[in-house]
file data06.txt (compact mmCIF, C-alpha atoms)
# COMPACT_ATOMS: atom_id res chain seq x y z
CA MET B 1 85.93 116.41 82.28
CA ALA B 2 83.29 114.12 80.80
CA ASP B 3 83.93 112.39 77.48
CA GLN B 4 81.68 113.13 74.49
CA HIS B 5 80.75 109.45 74.46
CA PRO B 6 80.99 108.29 78.08
CA PRO B 7 80.99 104.56 78.79
CA LEU B 8 77.67 103.02 79.73
CA PHE B 9 78.02 100.48 82.49
CA SER B 10 75.39 98.13 83.86
CA ILE B 11 75.14 95.25 86.33
CA GLN B 12 72.32 92.72 86.09
CA LEU B 13 71.53 90.47 89.05
CA GLU B 14 69.22 87.50 88.47
CA ASP B 15 68.06 85.42 91.44
CA ALA B 16 71.33 86.28 93.15
CA ALA B 17 72.17 84.66 96.48
CA ARG B 18 75.10 84.64 98.85
CA ARG B 19 75.50 82.69 102.08
CA PHE B 20 78.08 82.42 104.83
CA ASN B 21 78.04 78.99 106.43
CA ARG B 22 74.28 78.49 106.90
CA ARG B 23 73.45 82.16 107.19
CA VAL B 24 71.71 83.82 104.25
CA ILE B 25 73.38 87.15 103.40
CA PHE B 26 70.98 87.85 100.54
CA GLN B 27 68.84 85.73 98.24
CA ARG B 28 66.31 86.02 95.40
CA LEU B 29 67.82 89.37 94.44
CA HIS B 30 66.77 90.61 91.00
CA TYR B 31 68.06 94.07 90.14
CA ARG B 32 69.62 96.11 87.36
CA PHE B 33 72.09 98.91 88.05
CA HIS B 34 73.09 101.27 85.23
CA SER B 35 75.11 104.39 84.52
CA GLY B 36 73.67 107.77 85.39
CA ASN B 37 72.15 106.75 88.71
CA ILE B 38 73.35 106.77 92.31
CA TYR B 39 72.03 103.79 94.23
CA ALA B 40 71.81 103.29 97.99
CA ILE B 41 72.18 99.91 99.65
CA THR B 42 70.72 100.27 103.12
CA GLY B 43 70.37 98.03 106.15
CA SER B 44 71.54 97.72 109.73
CA ASN B 45 75.10 96.79 110.66
CA GLY B 46 75.84 93.19 109.71
CA SER B 47 72.92 93.00 107.30
CA GLY B 48 75.10 92.19 104.27
CA LYS B 49 75.69 95.55 102.60
CA SER B 50 79.45 95.05 102.29
CA THR B 51 79.05 91.51 100.97
CA LEU B 52 76.76 92.75 98.23
CA MET B 53 79.24 95.52 97.39
CA LEU B 54 82.01 92.95 96.99
CA SER B 55 79.78 90.98 94.63
CA LEU B 56 79.05 94.13 92.61
CA SER B 57 82.78 94.78 92.35
CA GLY B 58 83.43 91.31 90.96
CA GLN B 59 85.54 90.35 93.99
CA ALA B 60 83.04 87.91 95.56
CA SER B 61 81.23 85.26 93.57
CA LEU B 62 77.58 84.36 94.13
CA ASP B 63 76.49 81.06 95.63
CA SER B 64 73.62 80.91 93.17
CA GLY B 65 72.02 83.05 90.49
CA THR B 66 73.90 85.19 87.99
CA ILE B 67 75.57 88.56 87.80
CA ARG B 68 76.38 90.17 84.45
CA PHE B 69 78.65 93.15 83.95
CA GLN B 70 78.22 95.07 80.71
CA LEU B 71 80.25 97.96 79.31
CA ASN B 72 79.06 99.68 76.15
CA GLN B 73 76.86 96.66 75.34
CA ILE B 74 79.82 94.28 75.70
CA VAL B 75 79.54 91.64 78.40
CA LEU B 76 82.70 91.61 80.52
CA LYS B 77 84.48 88.49 81.65
CA GLU B 78 84.84 88.19 85.41
CA ASP B 79 88.59 88.81 85.31
CA GLU B 80 88.06 92.05 83.33
CA VAL B 81 85.72 93.80 85.74
CA TYR B 82 88.41 95.13 88.12
CA LYS B 83 89.76 97.45 85.42
CA HIS B 84 86.53 99.44 85.45
CA VAL B 85 85.78 99.54 89.20
CA SER B 86 86.77 101.77 92.09
CA LEU B 87 85.79 100.26 95.46
CA ILE B 88 86.25 102.47 98.53
CA ALA B 89 85.56 100.70 101.81
CA PRO B 90 86.71 100.62 105.45
CA TYR B 91 88.16 97.13 104.98
CA ILE B 92 90.34 98.19 102.02
CA ASP B 93 93.51 100.04 102.99
CA VAL B 94 95.98 102.03 100.91
CA PRO B 95 99.75 101.29 101.04
CA GLU B 96 100.74 103.31 104.09
CA GLU B 97 104.49 103.10 103.46
CA MET B 98 104.06 105.28 100.36
CA THR B 99 104.02 109.04 100.41
CA LEU B 100 100.84 110.71 99.24
CA ARG B 101 102.41 111.70 95.92
CA GLU B 102 103.84 108.21 95.37
CA LEU B 103 100.41 106.69 95.97
CA PHE B 104 98.70 108.86 93.37
CA ASP B 105 101.51 108.35 90.85
CA PHE B 106 101.29 104.59 91.40
CA HIS B 107 97.49 104.56 91.07
CA SER B 108 97.82 106.46 87.78
CA LEU B 109 99.59 103.45 86.29
CA PHE B 110 96.38 101.42 86.52
CA LYS B 111 93.53 103.93 86.36
CA LYS B 112 93.26 107.02 84.14
CA PRO B 113 93.30 110.29 86.12
CA VAL B 114 90.71 112.93 85.20
CA MET B 115 92.99 115.83 86.18
CA GLU B 116 96.60 116.56 87.09
CA ILE B 117 97.70 114.97 90.35
CA ARG B 118 98.62 118.34 91.81
CA ALA B 119 95.04 119.47 91.25
CA MET B 120 93.77 116.34 93.02
CA LEU B 121 95.92 117.03 96.06
CA GLU B 122 94.68 120.61 96.13
CA ARG B 123 91.05 119.45 96.00
CA ILE B 124 91.51 117.22 99.03
CA GLY B 125 93.43 119.94 100.86
CA LEU B 126 96.57 117.85 101.25
CA LEU B 127 99.02 119.34 98.76
CA ALA B 128 101.30 120.45 101.59
CA HIS B 129 101.47 116.82 102.76
CA GLN B 130 102.34 115.25 99.40
CA ASN B 131 105.77 114.04 100.60
CA LYS B 132 104.48 112.62 103.88
CA GLU B 133 103.94 108.88 104.31
CA ILE B 134 100.29 107.84 104.47
CA ARG B 135 100.88 106.06 107.80
CA LYS B 136 101.43 109.46 109.42
CA PHE B 137 98.02 110.75 108.33
CA SER B 138 95.00 111.01 110.63
CA SER B 139 92.05 108.68 109.96
CA GLY B 140 90.12 111.56 108.40
CA MET B 141 92.99 112.41 106.06
CA LYS B 142 93.29 108.77 105.02
CA GLN B 143 89.58 108.66 104.24
CA ARG B 144 89.85 111.71 101.99
CA VAL B 145 92.73 110.04 100.18
CA LYS B 146 90.73 106.86 99.63
CA LEU B 147 87.71 108.78 98.36
CA ALA B 148 89.92 110.83 96.03
CA LEU B 149 91.19 107.61 94.44
CA GLY B 150 87.58 106.85 93.61
CA PHE B 151 86.42 110.29 92.53
CA TYR B 152 89.40 111.46 90.48
CA PHE B 153 90.18 108.37 88.39
CA ASP B 154 88.14 107.43 85.35
CA THR B 155 86.21 104.29 86.26
CA PRO B 156 82.58 103.88 85.13
CA LEU B 157 81.68 101.98 88.32
CA LEU B 158 82.22 103.62 91.71
CA LEU B 159 81.32 101.69 94.86
CA LEU B 160 81.38 103.58 98.17
CA ASP B 161 80.97 101.61 101.40
CA GLU B 162 80.38 103.86 104.44
CA PRO B 163 82.06 106.76 102.61
CA SER B 164 81.98 109.37 105.38
CA SER B 165 83.69 107.15 107.96
CA HIS B 166 86.19 109.20 110.03
CA LEU B 167 85.23 112.47 108.29
CA ASP B 168 84.42 115.53 110.37
CA THR B 169 81.67 118.00 109.47
CA GLU B 170 83.88 119.78 106.94
CA GLY B 171 84.96 116.46 105.45
CA LYS B 172 81.37 115.29 105.07
CA ALA B 173 80.49 118.50 103.22
CA TRP B 174 83.53 117.95 100.98
CA PHE B 175 82.36 114.39 100.27
CA GLN B 176 78.91 115.56 99.14
CA GLN B 177 80.51 118.28 96.97
CA GLU B 178 82.85 115.86 95.21
CA LEU B 179 80.13 113.24 94.80
CA MET B 180 78.03 115.76 92.90
CA ALA B 181 81.00 116.95 90.86
CA PHE B 182 82.24 113.51 89.78
CA SER B 183 79.07 111.43 89.46
CA GLN B 184 78.09 112.33 85.91
CA ASN B 185 77.76 109.32 83.57
CA ARG B 186 78.99 106.90 86.23
CA LEU B 187 77.25 104.04 87.97
CA ILE B 188 77.59 104.77 91.68
CA VAL B 189 76.47 102.58 94.57
CA ILE B 190 76.66 103.74 98.20
CA ALA B 191 76.32 101.23 101.05
CA SER B 192 75.23 102.99 104.22
CA ASN B 193 72.68 103.08 107.03
CA LEU B 194 73.19 106.85 107.44
CA PRO B 195 70.63 109.04 105.60
CA GLU B 196 73.15 111.87 105.17
CA GLU B 197 75.41 109.59 103.10
CA THR B 198 72.64 108.59 100.70
CA ILE B 199 70.85 111.93 100.29
CA LEU B 200 71.87 112.18 96.61
CA CYS B 201 70.83 108.62 95.74
CA THR B 202 68.12 108.18 93.13
CA GLU B 203 67.20 104.58 94.01
CA SER B 204 67.45 102.51 97.18
CA ILE B 205 67.69 98.81 98.03
CA ASP B 206 67.02 97.56 101.56
CA ILE B 207 69.24 94.47 101.74
CA GLN B 208 67.21 93.13 104.65
CA GLN B 209 64.28 92.54 102.30
CA TYR B 210 66.37 89.82 100.63
CA HIS B 211 67.29 87.79 103.72
call {"tool": "encode", "arguments": {"input": "data06.txt", "output": "structure tokens"}}
result
Amino acid sequence: MADQHPPLFSIQLEDAARRFNRRVIFQRLHYRFHSGNIYAITGSNGSGKSTLMLSLSGQASLDSGTIRFQLNQIVLKEDEVYKHVSLIAPYIDVPEEMTLRELFDFHSLFKKPVMEIRAMLERIGLLAHQNKEIRKFSSGMKQRVKLALGFYFDTPLLLLDEPSSHLDTEGKAWFQQELMAFSQNRLIVIASNLPEETILCTESIDIQQYH
């Protein structure tokens, strides 16, 4: 499934800071993320993990410092970053009025699938539900759908915020399996305070060190 010449993606943070009102979310953050690694952003609830993930996705600007996105040695403009990012998070919902098949067909218009849609639905165990509206799914089924949109579409940057939310034991095992299967040559960042979600991470950032 990997290309012979996969894209190399990197994010460079220099003296990055973000505040909300007078509260410091993070500051003096210097870090470089690059393809081929899985990074963990850790910290207690409310420590700023999700805010940093939004900044890494290009959806939230910094208050000070710089962030540079680079793809194959080409610096991306801010309005180009979204094309190369998959962000899966509890605060981002999928269109629930669509059927499962309609959602994946629609997503394919914007992001390149790495396999046939039927194969995707089989991998998440929901092929029999492809004509059912997402709003009728359980929370665990919806989470599998959201994660599939990240795993099975060809984006060099994959951001996973609390990825095993609503998953049962079987679902958590499935998540780890798919993370291993679809992590090659990608830049992956996982925001979590649960060790079992970050067990495959190669580097870790404690956001609370930058308060």
call {"tool": "atom_distance", "arguments": {"input": "data06.txt", "atom1": "atom CA of B:His84", "atom2": "atom CA of B:Pro7"}}
result
10.1 Å
call {"tool": "residues_around", "arguments": {"input": "data06.txt", "residues": "stretch 59-66 of chain B", "least_positions_apart": "2", "cutoff": "9 Å", "atoms": "only C-alpha atoms", "output": "JSON, numbers by chain"}}
result
{"B": [12, 13, 14, 15, 16, 17, 18, 19, 27, 28, 29, 51, 52, 53, 54, 55, 56, 57, 68, 78, 81, 82]}
call {"tool": "atom_distance", "arguments": {"input": "data06.txt", "atom1": "atom CA of B:Pro163", "atom2": "atom CA of B:Asn45"}}
result
14.6 Å
call {"tool": "atom_distance", "arguments": {"input": "data06.txt", "atom1": "atom CA of B:Ser183", "atom2": "atom CA of B:Ala119"}}
result
18.0 Å
call {"tool": "residues_near_point", "arguments": {"input": "data06.txt", "point": "(76.6, 99.3, 95.6)", "cutoff": "10 Å", "atoms": "all atoms listed in the file", "output": "MDAnalysis selection string"}}
result
chainID B and resid 33 38:42 49:57 87 157:161 187:192 204:205
call {"tool": "residues_near_point", "arguments": {"input": "data06.txt", "point": "(65.7, 98.6, 104.1)", "cutoff": "6 Å", "atoms": "all atoms listed in the file", "output": "list in words"}}
result
Thr42, Gly43, Asp206, Ile207 and Gln208 of chain B
call {"tool": "residues_around", "arguments": {"input": "data06.txt", "residues": "B:Glu80", "least_positions_apart": "4", "cutoff": "10 Å", "atoms": "only C-alpha atoms", "output": "PyMOL selection string"}}
result
chain B and resi 58+69+75-76+84-85
call {"tool": "residues_around", "arguments": {"input": "data06.txt", "residues": "B:Glu102", "least_positions_apart": "5", "cutoff": "12 Å", "atoms": "only C-alpha atoms", "output": "PyMOL selection string"}}
result
chain B and resi 94-97+107-109+117-118+121+129-134
call {"tool": "closest_residue", "arguments": {"input": "data06.txt", "among": "B:Val24, B:Leu194, B:Ala148, B:Leu179", "to": "B:Asn37", "atoms": "only C-alpha atoms"}}
result
B:Leu179
call {"tool": "residues_around", "arguments": {"input": "data06.txt", "residues": "B:Asp93", "least_positions_apart": "5", "cutoff": "9 Å", "atoms": "all atoms listed in the file", "output": "number ranges by chain"}}
result
B: 88, 142, 146
call {"tool": "decode", "arguments": {"input": "data06.txt", "residues": "stretch 154-185 of chain B", "atoms": "N, CA, C and O atoms", "output": "mmCIF file, in the first residue's frame"}}
result
data_model
loop_
_atom_site.group_PDB
_atom_site.id
_atom_site.type_symbol
_atom_site.label_atom_id
_atom_site.label_comp_id
_atom_site.auth_asym_id
_atom_site.auth_seq_id
_atom_site.Cartn_x
_atom_site.Cartn_y
_atom_site.Cartn_z
ATOM 1 N N ASP B 154 -5.139 8.506 2.286
ATOM 2 C CA ASP B 154 -3.704 8.760 2.132
ATOM 3 C C ASP B 154 -3.333 10.192 2.497
ATOM 4 O O ASP B 154 -3.202 11.055 1.630
ATOM 5 N N THR B 155 -3.162 10.445 3.790
ATOM 6 C CA THR B 155 -2.674 11.734 4.261
ATOM 7 C C THR B 155 -1.363 11.504 5.010
ATOM 8 O O THR B 155 -1.288 10.606 5.852
ATOM 9 N N PRO B 156 -0.337 12.310 4.735
ATOM 10 C CA PRO B 156 0.951 12.095 5.405
ATOM 11 C C PRO B 156 0.949 12.476 6.873
ATOM 12 O O PRO B 156 1.830 12.039 7.623
ATOM 13 N N LEU B 157 -0.033 13.274 7.314
ATOM 14 C CA LEU B 157 -0.131 13.671 8.718
ATOM 15 C C LEU B 157 -1.432 13.136 9.310
ATOM 16 O O LEU B 157 -2.519 13.443 8.823
ATOM 17 N N LEU B 158 -1.309 12.334 10.368
ATOM 18 C CA LEU B 158 -2.464 11.756 11.045
ATOM 19 C C LEU B 158 -2.418 12.158 12.513
ATOM 20 O O LEU B 158 -1.479 11.819 13.236
ATOM 21 N N LEU B 159 -3.431 12.888 12.951
ATOM 22 C CA LEU B 159 -3.526 13.372 14.327
ATOM 23 C C LEU B 159 -4.690 12.663 15.013
ATOM 24 O O LEU B 159 -5.833 12.748 14.552
ATOM 25 N N LEU B 160 -4.408 11.999 16.126
ATOM 26 C CA LEU B 160 -5.404 11.198 16.830
ATOM 27 C C LEU B 160 -5.534 11.710 18.260
ATOM 28 O O LEU B 160 -4.620 11.562 19.071
ATOM 29 N N ASP B 161 -6.676 12.307 18.567
ATOM 30 C CA ASP B 161 -6.927 12.856 19.895
ATOM 31 C C ASP B 161 -7.858 11.900 20.646
ATOM 32 O O ASP B 161 -8.989 11.671 20.212
ATOM 33 N N GLU B 162 -7.357 11.318 21.738
ATOM 34 C CA GLU B 162 -8.110 10.325 22.517
ATOM 35 C C GLU B 162 -8.729 9.261 21.601
ATOM 36 O O GLU B 162 -9.948 9.065 21.569
ATOM 37 N N PRO B 163 -7.908 8.538 20.865
ATOM 38 C CA PRO B 163 -8.413 7.667 19.791
ATOM 39 C C PRO B 163 -9.251 6.479 20.233
ATOM 40 O O PRO B 163 -10.046 5.969 19.442
ATOM 41 N N SER B 164 -9.082 5.999 21.471
ATOM 42 C CA SER B 164 -9.862 4.828 21.863
ATOM 43 C C SER B 164 -11.129 5.187 22.635
ATOM 44 O O SER B 164 -11.758 4.310 23.243
ATOM 45 N N SER B 165 -11.523 6.463 22.588
ATOM 46 C CA SER B 165 -12.767 6.871 23.237
ATOM 47 C C SER B 165 -13.940 6.032 22.723
ATOM 48 O O SER B 165 -14.091 5.845 21.513
ATOM 49 N N HIS B 166 -14.738 5.506 23.630
ATOM 50 C CA HIS B 166 -15.960 4.746 23.331
ATOM 51 C C HIS B 166 -15.695 3.346 22.781
ATOM 52 O O HIS B 166 -16.651 2.625 22.474
ATOM 53 N N LEU B 167 -14.429 2.953 22.651
ATOM 54 C CA LEU B 167 -14.136 1.615 22.138
ATOM 55 C C LEU B 167 -14.108 0.601 23.279
ATOM 56 O O LEU B 167 -13.566 0.872 24.360
ATOM 57 N N ASP B 168 -14.670 -0.575 23.029
ATOM 58 C CA ASP B 168 -14.582 -1.650 24.012
ATOM 59 C C ASP B 168 -13.244 -2.364 23.868
ATOM 60 O O ASP B 168 -12.374 -1.925 23.095
ATOM 61 N N THR B 169 -13.051 -3.433 24.596
ATOM 62 C CA THR B 169 -11.761 -4.136 24.579
ATOM 63 C C THR B 169 -11.398 -4.603 23.174
ATOM 64 O O THR B 169 -10.260 -4.452 22.720
ATOM 65 N N GLU B 170 -12.373 -5.156 22.464
ATOM 66 C CA GLU B 170 -12.129 -5.604 21.088
ATOM 67 C C GLU B 170 -11.789 -4.423 20.194
ATOM 68 O O GLU B 170 -10.890 -4.494 19.349
ATOM 69 N N GLY B 171 -12.504 -3.306 20.379
ATOM 70 C CA GLY B 171 -12.245 -2.120 19.575
ATOM 71 C C GLY B 171 -10.861 -1.536 19.828
ATOM 72 O O GLY B 171 -10.197 -1.067 18.895
ATOM 73 N N LYS B 172 -10.414 -1.583 21.064
ATOM 74 C CA LYS B 172 -9.081 -1.068 21.388
ATOM 75 C C LYS B 172 -7.998 -1.926 20.752
ATOM 76 O O LYS B 172 -6.975 -1.402 20.285
ATOM 77 N N ALA B 173 -8.213 -3.243 20.733
ATOM 78 C CA ALA B 173 -7.257 -4.130 20.060
ATOM 79 C C ALA B 173 -7.239 -3.853 18.562
ATOM 80 O O ALA B 173 -6.174 -3.846 17.929
ATOM 81 N N TRP B 174 -8.425 -3.617 17.987
ATOM 82 C CA TRP B 174 -8.515 -3.266 16.562
ATOM 83 C C TRP B 174 -7.766 -1.969 16.285
ATOM 84 O O TRP B 174 -7.044 -1.858 15.285
ATOM 85 N N PHE B 175 -7.907 -0.982 17.151
ATOM 86 C CA PHE B 175 -7.211 0.291 16.974
ATOM 87 C C PHE B 175 -5.698 0.081 16.920
ATOM 88 O O PHE B 175 -5.017 0.606 16.027
ATOM 89 N N GLN B 176 -5.151 -0.676 17.859
ATOM 90 C CA GLN B 176 -3.707 -0.910 17.871
ATOM 91 C C GLN B 176 -3.262 -1.649 16.610
ATOM 92 O O GLN B 176 -2.205 -1.345 16.028
ATOM 93 N N GLN B 177 -4.067 -2.600 16.155
ATOM 94 C CA GLN B 177 -3.754 -3.360 14.941
ATOM 95 C C GLN B 177 -3.694 -2.445 13.720
ATOM 96 O O GLN B 177 -2.752 -2.506 12.918
ATOM 97 N N GLU B 178 -4.693 -1.570 13.576
ATOM 98 C CA GLU B 178 -4.740 -0.703 12.406
ATOM 99 C C GLU B 178 -3.677 0.398 12.487
ATOM 100 O O GLU B 178 -3.134 0.824 11.464
ATOM 101 N N LEU B 179 -3.377 0.847 13.690
ATOM 102 C CA LEU B 179 -2.310 1.835 13.846
ATOM 103 C C LEU B 179 -0.981 1.273 13.353
ATOM 104 O O LEU B 179 -0.239 1.950 12.631
ATOM 105 N N MET B 180 -0.693 0.041 13.706
ATOM 106 C CA MET B 180 0.539 -0.590 13.230
ATOM 107 C C MET B 180 0.510 -0.784 11.713
ATOM 108 O O MET B 180 1.513 -0.581 11.030
ATOM 109 N N ALA B 181 -0.647 -1.162 11.198
ATOM 110 C CA ALA B 181 -0.749 -1.477 9.768
ATOM 111 C C ALA B 181 -0.666 -0.254 8.878
ATOM 112 O O ALA B 181 -0.174 -0.338 7.742
ATOM 113 N N PHE B 182 -1.115 0.914 9.375
ATOM 114 C CA PHE B 182 -1.218 2.092 8.509
ATOM 115 C C PHE B 182 -0.395 3.277 9.011
ATOM 116 O O PHE B 182 -0.719 4.426 8.728
ATOM 117 N N SER B 183 0.686 2.992 9.714
ATOM 118 C CA SER B 183 1.542 4.059 10.231
ATOM 119 C C SER B 183 2.802 4.278 9.397
ATOM 120 O O SER B 183 3.466 5.310 9.546
ATOM 121 N N GLN B 184 3.109 3.352 8.513
ATOM 122 C CA GLN B 184 4.368 3.443 7.776
ATOM 123 C C GLN B 184 4.452 4.725 6.955
ATOM 124 O O GLN B 184 3.522 5.094 6.242
ATOM 125 N N ASN B 185 5.583 5.413 7.094
ATOM 126 C CA ASN B 185 5.908 6.625 6.322
ATOM 127 C C ASN B 185 5.010 7.826 6.631
ATOM 128 O O ASN B 185 5.074 8.836 5.924
#
